[in-house]
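What follows is the content of coords26.tsv, which has TSV, C-alpha atoms:
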chain	number	residue	atom	x	y	z
A	402	ILE	CA	0.00	0.00	0.00
A	403	GLY	CA	1.46	3.33	-1.02
A	404	GLY	CA	1.70	6.26	1.31
A	405	ASP	CA	-1.29	7.98	-0.31
A	406	MET	CA	-3.52	5.00	0.48
A	407	LEU	CA	-3.13	5.84	4.17
A	408	TYR	CA	-5.21	9.00	3.74
A	409	MET	CA	-8.02	7.69	1.52
A	410	LYS	CA	-11.44	8.17	3.15
A	411	SER	CA	-9.73	10.38	5.72
A	412	ILE	CA	-9.82	14.00	6.78
A	413	PHE	CA	-7.17	16.31	8.17
A	414	LEU	CA	-8.21	18.76	10.86
A	415	ARG	CA	-6.31	21.95	10.14
A	416	HIS	CA	-5.91	25.25	11.94
A	417	LEU	CA	-7.87	24.39	15.04
A	418	SER	CA	-7.20	27.22	17.45
A	419	ILE	CA	-9.04	28.54	20.46
A	420	HIS	CA	-8.70	32.09	21.78
A	421	PRO	CA	-6.62	32.09	24.99
A	422	LEU	CA	-9.54	33.39	27.07
A	423	PHE	CA	-11.62	30.35	26.08
A	424	ARG	CA	-9.07	27.58	26.47
A	425	LYS	CA	-9.52	24.78	29.03
A	426	LEU	CA	-13.31	24.86	28.52
A	427	GLY	CA	-13.54	21.76	26.33
A	428	ILE	CA	-14.19	23.72	23.14
A	429	ALA	CA	-11.45	22.04	21.09
A	430	SER	CA	-12.59	18.58	22.21
A	431	SER	CA	-16.15	19.47	21.30
A	432	LEU	CA	-15.09	20.69	17.83
A	433	ILE	CA	-13.15	17.47	17.20
A	434	LYS	CA	-16.19	15.40	18.18
A	435	LYS	CA	-18.47	17.52	15.97
A	436	ALA	CA	-16.11	17.00	13.02
A	437	GLN	CA	-16.18	13.24	13.63
A	438	LYS	CA	-19.99	13.23	13.69
A	439	TYR	CA	-20.27	15.47	10.61
A	440	TYR	CA	-17.87	13.26	8.64
A	441	TYR	CA	-19.39	10.00	9.91
A	442	ASN	CA	-18.56	8.21	6.64
A	443	ILE	CA	-14.84	8.99	7.00
A	444	SER	CA	-12.69	6.21	8.44
A	445	ASN	CA	-9.74	8.16	9.85
A	446	ILE	CA	-8.98	11.61	11.18
A	447	TYR	CA	-5.51	13.16	11.17
A	448	MET	CA	-3.88	16.33	12.51
A	449	ASP	CA	-0.40	17.80	12.11
A	450	ILE	CA	0.96	19.29	15.33
A	451	ARG	CA	4.29	20.96	16.00
A	452	SER	CA	6.30	18.85	18.40
A	453	ASP	CA	6.70	21.83	20.77
A	454	ASN	CA	2.92	22.44	20.99
A	455	TYR	CA	2.42	20.49	24.19
A	456	ALA	CA	-1.18	21.60	24.75
A	457	SER	CA	-2.27	20.31	21.32
A	458	LEU	CA	-0.34	17.08	21.74
A	459	SER	CA	-2.00	16.57	25.12
A	460	LEU	CA	-5.44	17.23	23.60
A	461	ALA	CA	-4.74	14.75	20.79
A	462	GLU	CA	-3.72	12.10	23.29
A	463	LYS	CA	-6.81	12.77	25.42
A	464	GLU	CA	-9.02	12.38	22.33
A	465	GLY	CA	-7.43	9.04	21.44
A	466	PHE	CA	-5.10	10.10	18.64
A	467	LEU	CA	-1.88	8.14	18.14
A	468	VAL	CA	1.37	9.22	16.51
A	469	VAL	CA	1.42	8.15	12.87
A	470	GLN	CA	4.48	9.98	11.58
A	471	ILE	CA	7.12	12.52	12.63
A	472	LYS	CA	8.43	14.90	9.96
A	473	SER	CA	11.65	16.82	10.53
A	474	LYS	CA	11.71	20.49	9.58
A	475	THR	CA	14.64	22.87	9.83
A	476	ASN	CA	13.91	24.20	13.33
A	477	TYR	CA	11.18	21.89	14.58
A	478	ASN	CA	9.36	18.61	14.01
A	479	ILE	CA	5.79	18.02	12.88
A	480	VAL	CA	3.94	15.15	14.52
A	481	THR	CA	1.11	13.64	12.50
A	482	VAL	CA	-1.46	12.04	14.76
A	483	GLY	CA	-4.45	9.99	13.70
A	484	LYS	CA	-7.36	7.98	14.97
A	485	ILE	CA	-10.21	5.89	13.71
A	486	ASN	CA	-13.41	7.90	13.53
A	487	ASP	CA	-15.55	6.94	16.53
A	488	PHE	CA	-18.73	7.86	14.63
A	489	ARG	CA	-18.08	6.01	11.34
A	490	ASN	CA	-20.70	3.77	9.78

How does the structure come out when it is put into structure tokens?
Amino acid sequence: IGGDMLYMKSIFLRHLSIHPLFRKLGIASSLIKKAQKYYYNISNIYMDIRSDNYASLSLAEKEGFLVVQIKSKTNYNIVTVGKINDFRN
């Protein structure tokens, strides 16, 4: 299976950010769950997170995402995390 096959019937969550005044209220978790429900026919969900973004990595772990790949950049690493959609058919 080629690398592109990994992402068939999958979505990437991109640019999920919460204003600092509204963090720690469960908003990001709620948005992830809503995306899973909305895309119920999608098998897998992925996110790219900078390796130094500890809050996002913690959220991903809490939501059941696992590390799929680590990509090295010049000054930092990108961690791709993924999970099976809990709401799939």

* In terms of the shortest atom-to-atom distance over all atoms listed in the file, which of A:Ile412, A:Leu422, A:Ile471, A:Val480 is closest to Tyr439 in chain A? ->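 Once distances to Tyr439 in chain A are computed over all atoms listed in the file, the minimum belongs to A:Ile412.
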
* Asked: Near Ala436 in chain A, counting all atoms listed in the file, which residues have an atom at most 9 Å away, once you skip same-chain residues fewer than 5 positions from it, shown as a list in words?
  -> Leu414, Ser431 and Tyr441 of chain A

Taking C-alpha atoms for each residue, export the selection above as a short mmCIF file (atom, residue, chain, number, x, y, z; two decimals), in the coordinates of the input.
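Final output, part38.cif:
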data_model
loop_
_atom_site.label_atom_id
_atom_site.label_comp_id
_atom_site.auth_asym_id
_atom_site.auth_seq_id
_atom_site.Cartn_x
_atom_site.Cartn_y
_atom_site.Cartn_z
CA LEU A 414 -8.21 18.76 10.86
CA SER A 431 -16.15 19.47 21.30
CA TYR A 441 -19.39 10.00 9.91
#

* **One-decimal distance in Å that lies between CA of Lys435 in chain A and CA of Ser418 in chain A** => 14.9 Å

* Tell me, in Å to one decimal, how far CA of Asn486 in chain A is from CA of Ser473 in chain A. =>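 Interatomic distance here is 26.8 Å.
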
* Of the candidates A:Ser457, A:Ser411, A:Ser430, A:Gln470, which one gets nearest to Asn442 in chain A if we count all atoms listed in the file? -> A:Ser411

* Asked: Between CA of Lys438 in chain A and CA of Glu464 in chain A, what is the distance, to one decimal in Å?
  ->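 Interatomic distance, CA of Lys438 in chain A to CA of Glu464 in chain A: 14.0 Å.
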
* Asked: Closest to Ile485 in chain A among A:Ile433, A:Ala456, A:Ile446, A:Ile428, using all atoms listed in the file?
  -> A:Ile446

* To do: Write out as a PyMOL selection string the residues lying within 12 Å of Lys474 in chain A, counting only C-alpha atoms and excluding same-chain residues fewer than 5 positions away.
  => chain A and resi 451-452+479-480

Kindly save the residues from that selection, with C-alpha atoms included, as a PDB file, in the frame of the given file.
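selection.pdb was written with the following content:
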ATOM      1  CA  ARG A 451       4.290  20.960  16.000  1.00  0.00           C
ATOM      2  CA  SER A 452       6.300  18.850  18.400  1.00  0.00           C
ATOM      3  CA  ILE A 479       5.790  18.020  12.880  1.00  0.00           C
ATOM      4  CA  VAL A 480       3.940  15.150  14.520  1.00  0.00           C
TER       5      VAL A 480
END

* Give the answer as one residue: which of A:Leu460, A:Tyr440, A:Thr481, A:Asn445 has the shortest atom-to-atom distance to Lys425 in chain A, using all atoms listed in the file? =>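 Among the listed residues, A:Leu460 lies closest to Lys425 in chain A.
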
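Among the candidate residues A:Phe423, A:Phe488, A:Phe413, A:Tyr447, the one lying nearest to Phe466 in chain A is A:Tyr447, with distances computed using all atoms listed in the file.
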
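With only C-alpha atoms as the atoms that count, the minimum distance from Asn454 in chain A to the choices A:Asn478, A:His420, A:Lys472, A:Leu467 is reached by A:Asn478.
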